[in-house]
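Engineer: Okay, here's the structure, questions in a sec.
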Amino acid sequence: MKQETGLRAQIFRRKPAAALMAEADARSTEGLKRALGALDLTALGIGAIVGAGIFVLTGVAAARYAGPAIVISFIVSGFACAMAALCYAEFAAMIPVAGSAYSYSYATMGELVGWIIGWDLVLEYAVGAAAVAVGWSGYLRVILEGVGIHLPVALTHAPGSVPGAIIDLPAFLIVMLITGVLYIGISESARLNSIIVGIKLTVIGAVIVVGMFFVRPANWTPFAPMGWSGVMKGAAVIFFAYIGFDAVSTAAEEVIEPNRDLPRGIMASLFVCTALYILVAGVLTGMVPAHLIDVNAPLASAFVQRGMHALSGFISLGAVAGLTSVLLVLLLGQSRIFFAISRDGLLPPAFSKVHPRYRTPYIPTTLTGIAVGITAALLPIQEIAELTNIGTLFAFVLVCAGVWILRNVEPNLKRPFHTPLVPLVPILGMFFCLYLMASLPMVTWIRFFVWMGIGLVIYFTYGRYHSRVDRNHTADLASSAR
């Protein structure tokens with residue numbers, strides 16, 4: 001019975017928010033380099049959000065599920081994300097550490113829940129990055145074919161996606177390139193991201209303005225060919241497109257003024273991108289009947305069908321640039337999650353080593369790049385995206401719950417940003433995210449539970465025996481006894 005009691009105490013032991021904030025203050029002059037401001041964070045958010053959602057998954061969701069009602073799907077997903085983003089903003093400003101939802105859950109719901117969400121975030125960012133790399137490869141093929149260069153099918157598609165496919169080599173190579181940039185430093189990564197964001201916003205503006213002149217209202221009928229069920233399935237698929245604001249919070253320890261700038265970066269990037277998504281989805285489905293949309297390169301192919309080959313090439317170039325920034329931010333977030341979990345002792349200490357020159361978590365950056373590159377080279381995009389979505393939605397549910405819990409457990413904590421209408425906003429966030437999770441295919445749930453099962457094995461065989469919070473708690477008890 002004592003052993004059972006001890007195990008229960010351990011897995012529900014919280015890492016106090018005050019301790020997390022004290023650690024963040026202590027690291028202000030050491031560890032990861034603080035170099036990001038509000039504009040950098042907004043650009044990171046836009047860099048992660050505007051990419052696969054517009055350039056790839058809009059076509060998948062419209063053609064297979066929602067039809068022209070994809071605009072409603074984006075509104076549903078955007079609303080769910082807004083509720084979650086308000087909760088993220090409170091946590092990010094109050095606890096500006098690299099772990100994002102992992103650290104927030106650890107502080108509110110205990111070590112086991114913290115580990116589960118941390119392991120879930122590993123899935124979210126790694127698999128999400130792989131999906132983006134596959135989309136990047138698809139648009140690169142469109143550009144090369146436009147100038148008469150045809151790469152072998154065997155080397156440009158994942159096995160099973162098309163006959164004769166062996167490996168998606170371009171997807172693997174772009175992951176390796178971005179990994180190299182992240183290895184070198186956060187300042188260089190943020191600078192590259194800002195340049196790319198400028199390019200893709202220019203391209204998206206051109207898509208909206210030019211595409212409006214080629215919209216045929218007849219293409220919007222039937223508006224929702226699969227009814228409300230199709231709209232919700234479309235919303236669940238494109239939810240992947242909204243995870244950028246979550247990635248913003250993973251860079252908290254590299255922000256100069258995190259209490260002020262993190263909420264600004266999270267909310268600004270989300271609202272700008274939601275508006276862009278709705279406009280682009282309306283233009284795309286107005287230009288091309290939903291069932292004829294090319295799911296691999298929907299925007300570029302839409303303009304090809306209208307005879308605008310030059311603009312199609314411009315869009316593809318912008319898509320390649322845009323997806324590059326998404327990939328950069330997702331790989332950045334993934335490595336920081338590993339860093340935070342390792343620092344708490346739940347993963348081996350090598351994952352929290354900081355490079356002496358570049359001040360980056362170079363070991364998780366390298367290992368993440370290799371794993372993501374292999375995944376992107378061997379798996380089709382739709383399966384990857386759906387697996388990412390369920391991980392993202394689960395993380396959002398726990399963050400919303402965490403804000404509500406911490407308001408009751410530690411009501412007197414200093415909160416630079418307050419989520420409005422608590423508990424209504426957290427409840428709405430949890431409800432919509434759970435509803436979207438229920439809309440995902442059963443095979444996605446099975447894969448998710450398999451991944452969670454692997455995570456629990458790692459925790460109970462390694463993490464709980466090496467937890468630094470556990471050791472600190474034991475030391476405090478010994479000190480009190482003396």
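Each chain in the structure tokens gets a letter, A, B, ..., in the order shown, and its residues are numbered from 1; ligands are numbered from 1 in order too.
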Using only C-alpha atoms, which residues sit within 7 Å of stretch 77-89 of chain A once same-chain residues fewer than 3 positions away are excluded, as a PyMOL selection string?
Structural biologist: chain A and resi 73-74+92-93+235+239+262-263+266-267+274+396+399-400+403+417+419+425-426+428-429+432-433
Engineer: Name the residues in contact with stretch 449-459 of chain A at a cut-off of 12 Å, using only C-alpha atoms, excluding same-chain residues fewer than 4 positions from it; report them as a ChimeraX atom specification.
Structural biologist: /A:10-11,111-124,127,341-342,345-348,387-388,390-391,394,442-445,463-467
Engineer: Would you put the residues from that selection into a file with N, CA and C atoms, as an mmCIF file, in the first residue's frame?
Structural biologist:
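The new file selection_22.cif reads:
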```cif
data_model
loop_
_atom_site.group_PDB
_atom_site.id
_atom_site.type_symbol
_atom_site.label_atom_id
_atom_site.label_comp_id
_atom_site.auth_asym_id
_atom_site.auth_seq_id
_atom_site.Cartn_x
_atom_site.Cartn_y
_atom_site.Cartn_z
ATOM 1 N N GLN A 10 3.838 10.479 -6.674
ATOM 2 C CA GLN A 10 4.826 10.887 -7.663
ATOM 3 C C GLN A 10 4.184 11.322 -8.973
ATOM 4 N N ILE A 11 3.295 10.506 -9.503
ATOM 5 C CA ILE A 11 2.766 10.806 -10.834
ATOM 6 C C ILE A 11 1.840 12.017 -10.821
ATOM 7 N N GLU A 111 2.954 15.345 -12.752
ATOM 8 C CA GLU A 111 4.046 14.859 -13.575
ATOM 9 C C GLU A 111 3.587 13.924 -14.689
ATOM 10 N N LEU A 112 2.689 12.990 -14.390
ATOM 11 C CA LEU A 112 2.273 12.036 -15.419
ATOM 12 C C LEU A 112 1.533 12.736 -16.561
ATOM 13 N N VAL A 113 0.622 13.639 -16.209
ATOM 14 C CA VAL A 113 -0.097 14.385 -17.251
ATOM 15 C C VAL A 113 0.881 15.253 -18.031
ATOM 16 N N GLY A 114 1.845 15.857 -17.309
ATOM 17 C CA GLY A 114 2.861 16.646 -17.989
ATOM 18 C C GLY A 114 3.652 15.816 -18.986
ATOM 19 N N TRP A 115 4.032 14.619 -18.565
ATOM 20 C CA TRP A 115 4.766 13.735 -19.478
ATOM 21 C C TRP A 115 3.909 13.357 -20.684
ATOM 22 N N ILE A 116 2.647 13.016 -20.434
ATOM 23 C CA ILE A 116 1.762 12.614 -21.531
ATOM 24 C C ILE A 116 1.644 13.724 -22.565
ATOM 25 N N ILE A 117 1.450 14.952 -22.101
ATOM 26 C CA ILE A 117 1.300 16.058 -23.055
ATOM 27 C C ILE A 117 2.641 16.371 -23.719
ATOM 28 N N GLY A 118 3.741 16.198 -22.985
ATOM 29 C CA GLY A 118 5.053 16.408 -23.605
ATOM 30 C C GLY A 118 5.314 15.400 -24.710
ATOM 31 N N TRP A 119 4.989 14.146 -24.444
ATOM 32 C CA TRP A 119 5.147 13.102 -25.455
ATOM 33 C C TRP A 119 4.205 13.350 -26.633
ATOM 34 N N ASP A 120 3.028 13.857 -26.321
ATOM 35 C CA ASP A 120 2.066 14.216 -27.361
ATOM 36 C C ASP A 120 2.610 15.353 -28.236
ATOM 37 N N LEU A 121 3.264 16.326 -27.628
ATOM 38 C CA LEU A 121 3.837 17.445 -28.390
ATOM 39 C C LEU A 121 4.975 16.980 -29.295
ATOM 40 N N VAL A 122 5.718 15.983 -28.832
ATOM 41 C CA VAL A 122 6.744 15.401 -29.693
ATOM 42 C C VAL A 122 6.096 14.894 -30.981
ATOM 43 N N LEU A 123 4.963 14.211 -30.830
ATOM 44 C CA LEU A 123 4.217 13.729 -31.995
ATOM 45 C C LEU A 123 3.734 14.892 -32.851
ATOM 46 N N GLU A 124 3.155 15.898 -32.200
ATOM 47 C CA GLU A 124 2.581 17.037 -32.914
ATOM 48 C C GLU A 124 3.601 17.724 -33.811
ATOM 49 N N VAL A 127 5.716 15.013 -36.445
ATOM 50 C CA VAL A 127 4.911 14.514 -37.543
ATOM 51 C C VAL A 127 4.370 15.675 -38.377
ATOM 52 N N ILE A 341 11.698 18.711 -21.491
ATOM 53 C CA ILE A 341 11.429 17.433 -20.830
ATOM 54 C C ILE A 341 12.711 16.840 -20.257
ATOM 55 N N SER A 342 13.781 16.927 -21.022
ATOM 56 C CA SER A 342 15.063 16.400 -20.560
ATOM 57 C C SER A 342 15.576 17.162 -19.341
ATOM 58 N N GLY A 345 14.462 15.825 -16.256
ATOM 59 C CA GLY A 345 14.939 14.482 -15.949
ATOM 60 C C GLY A 345 14.107 13.357 -16.538
ATOM 61 N N LEU A 346 13.032 13.676 -17.267
ATOM 62 C CA LEU A 346 12.161 12.628 -17.787
ATOM 63 C C LEU A 346 12.689 12.004 -19.075
ATOM 64 N N LEU A 347 13.686 12.619 -19.672
ATOM 65 C CA LEU A 347 14.427 12.052 -20.789
ATOM 66 C C LEU A 347 15.918 12.185 -20.474
ATOM 67 N N PRO A 348 16.789 11.433 -21.134
ATOM 68 C CA PRO A 348 18.224 11.509 -20.843
ATOM 69 C C PRO A 348 18.774 12.926 -20.923
ATOM 70 N N LEU A 387 -2.605 12.496 -38.089
ATOM 71 C CA LEU A 387 -1.959 12.092 -36.847
ATOM 72 C C LEU A 387 -1.483 13.319 -36.073
ATOM 73 N N THR A 388 -1.035 14.340 -36.791
ATOM 74 C CA THR A 388 -0.625 15.584 -36.145
ATOM 75 C C THR A 388 -1.802 16.273 -35.483
ATOM 76 N N ILE A 390 -4.631 15.188 -34.177
ATOM 77 C CA ILE A 390 -5.149 14.635 -32.929
ATOM 78 C C ILE A 390 -4.203 14.984 -31.775
ATOM 79 N N GLY A 391 -2.915 15.023 -32.044
ATOM 80 C CA GLY A 391 -1.959 15.433 -31.016
ATOM 81 C C GLY A 391 -2.124 16.887 -30.643
ATOM 82 N N PHE A 394 -5.403 17.423 -28.608
ATOM 83 C CA PHE A 394 -5.260 16.920 -27.247
ATOM 84 C C PHE A 394 -4.463 17.904 -26.390
ATOM 85 N N MET A 442 -11.055 6.609 -37.235
ATOM 86 C CA MET A 442 -10.701 5.684 -36.169
ATOM 87 C C MET A 442 -9.238 5.247 -36.255
ATOM 88 N N VAL A 443 -8.721 5.087 -37.472
ATOM 89 C CA VAL A 443 -7.338 4.655 -37.617
ATOM 90 C C VAL A 443 -6.380 5.680 -37.007
ATOM 91 N N THR A 444 -6.757 6.963 -37.068
ATOM 92 C CA THR A 444 -5.932 8.004 -36.450
ATOM 93 C C THR A 444 -5.927 7.851 -34.936
ATOM 94 N N TRP A 445 -7.078 7.526 -34.353
ATOM 95 C CA TRP A 445 -7.155 7.290 -32.914
ATOM 96 C C TRP A 445 -6.296 6.093 -32.504
ATOM 97 N N GLY A 463 11.518 7.671 -16.969
ATOM 98 C CA GLY A 463 11.233 9.027 -16.519
ATOM 99 C C GLY A 463 10.970 9.166 -15.040
ATOM 100 N N ARG A 464 10.127 8.320 -14.487
ATOM 101 C CA ARG A 464 9.752 8.493 -13.083
ATOM 102 C C ARG A 464 10.903 8.204 -12.136
ATOM 103 N N TYR A 465 11.912 7.451 -12.581
ATOM 104 C CA TYR A 465 13.064 7.155 -11.734
ATOM 105 C C TYR A 465 14.125 8.250 -11.808
ATOM 106 N N HIS A 466 14.048 9.125 -12.811
ATOM 107 C CA HIS A 466 15.059 10.157 -13.000
ATOM 108 C C HIS A 466 14.499 11.576 -12.861
ATOM 109 N N SER A 467 13.245 11.687 -12.469
ATOM 110 C CA SER A 467 12.601 12.992 -12.361
ATOM 111 C C SER A 467 13.331 13.892 -11.364
#
```
Engineer: Residues within 10 Å of stretch 37-44 of chain A, please, as a ChimeraX atom specification. Count only C-alpha atoms; anything in the same chain fewer than 4 positions from it doesn't count.
Structural biologist: /A:48-49,187,189-191,193-198,244-245,247-249,251-252,254-258,260-270,272,325-326,328-330
Engineer: In terms of the shortest atom-to-atom distance over only C-alpha atoms, which of A:Tyr435, A:Phe223, A:Tyr183, A:Tyr277 is closest to A:Ala241?
Structural biologist: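 For A:Ala241, the nearest of the candidates is A:Tyr277.
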Engineer: Which residues are near A:Val209? Cut-off 10 Å, only C-alpha atoms, ignore same chain within fewer than 3 positions. Put them as a PyMOL selection string.
Structural biologist: chain A and resi 204-206+212-214+279-280+283
Engineer: Take atom CA of A:Pro159 and atom CA of A:Ala66 and report the distance between them in Å, one decimal.
Structural biologist: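 Calculated distance between atom CA of A:Pro159 and atom CA of A:Ala66 is 27.3 Å.
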Engineer: Each residue of stretch 163-234 of chain A lying at most 9 Å from stretch 354-363 of chain A should get a row with its shortest atom-to-atom pair and the distance in Å to one decimal, counting only C-alpha atoms; could you produce that, ordered by chain and increasing number, as a tab-separated table?
Structural biologist:
```
residue	atom	partner	partner_atom	distance
A:Leu182	CA	A:Thr360	CA	7.8
A:Tyr183	CA	A:Tyr362	CA	5.6
A:Ile184	CA	A:Tyr358	CA	5.7
A:Gly185	CA	A:Tyr358	CA	5.4
A:Ile186	CA	A:Thr360	CA	7.3
```
Engineer: What lies within 10 Å of A:Ala129 using only C-alpha atoms, ignoring chain neighbours under 6 positions off, as an mmCIF file with C-alpha atoms, in the first residue's frame?
Structural biologist:
```cif
data_model
loop_
_atom_site.group_PDB
_atom_site.id
_atom_site.type_symbol
_atom_site.label_atom_id
_atom_site.label_comp_id
_atom_site.auth_asym_id
_atom_site.auth_seq_id
_atom_site.Cartn_x
_atom_site.Cartn_y
_atom_site.Cartn_z
ATOM 1 C CA ALA A 48 4.119 28.298 -38.870
ATOM 2 C CA ALA A 52 0.404 23.796 -45.220
ATOM 3 C CA LEU A 123 4.217 13.729 -31.995
ATOM 4 C CA GLY A 135 3.901 19.353 -49.201
ATOM 5 C CA VAL A 175 14.456 18.800 -43.536
ATOM 6 C CA LEU A 323 6.323 25.759 -46.318
ATOM 7 C CA THR A 324 10.019 26.233 -45.594
ATOM 8 C CA VAL A 326 6.531 26.324 -41.392
ATOM 9 C CA LEU A 327 9.064 23.537 -41.341
ATOM 10 C CA LEU A 328 11.583 25.768 -39.592
ATOM 11 C CA VAL A 329 9.192 26.759 -36.797
ATOM 12 C CA LEU A 330 7.899 23.220 -36.229
ATOM 13 C CA LEU A 331 11.397 21.767 -36.004
ATOM 14 C CA LEU A 332 12.296 24.609 -33.648
ATOM 15 C CA GLY A 333 9.338 23.776 -31.396
ATOM 16 C CA GLN A 334 10.077 20.053 -31.423
ATOM 17 C CA THR A 368 14.676 15.471 -34.581
ATOM 18 C CA GLY A 369 15.866 16.452 -38.045
ATOM 19 C CA VAL A 372 11.444 13.905 -39.344
ATOM 20 C CA GLY A 373 13.397 13.562 -42.581
ATOM 21 C CA THR A 375 9.205 10.104 -41.844
ATOM 22 C CA ALA A 376 8.680 12.670 -44.607
ATOM 23 C CA ILE A 384 0.787 12.379 -41.414
ATOM 24 C CA ALA A 385 -1.493 15.431 -41.135
ATOM 25 C CA THR A 388 -0.625 15.584 -36.145
#
```
Engineer: Using only C-alpha atoms, find the one residue out of A:Ala158, A:Ala438, A:Ile405, A:Leu424 that sits nearest to A:Val134.
Structural biologist: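 Checking each of A:Ala158, A:Ala438, A:Ile405, A:Leu424 against A:Val134, counting only C-alpha atoms, the winner is A:Ala158.
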Engineer: Select, from A:Ala236, A:Cys273, A:Ala19, A:Ala218, the residue with the minimum atom-to-atom distance to A:Ile70, counting only C-alpha atoms.
Structural biologist: A:Ala236
Engineer: What does the distance from atom CA of A:Met437 to atom CA of A:Pro68 come to in Å, to one decimal?
Structural biologist: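 Those two atoms sit 21.9 Å apart.
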Engineer: Rank A:Gly59, A:Val132, A:Val71, A:Tyr65 by their smallest atom-to-atom distance to A:Ala302, using only C-alpha atoms, and report the top residue only.
Structural biologist: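 Selected residue with least distance to A:Ala302: A:Gly59.
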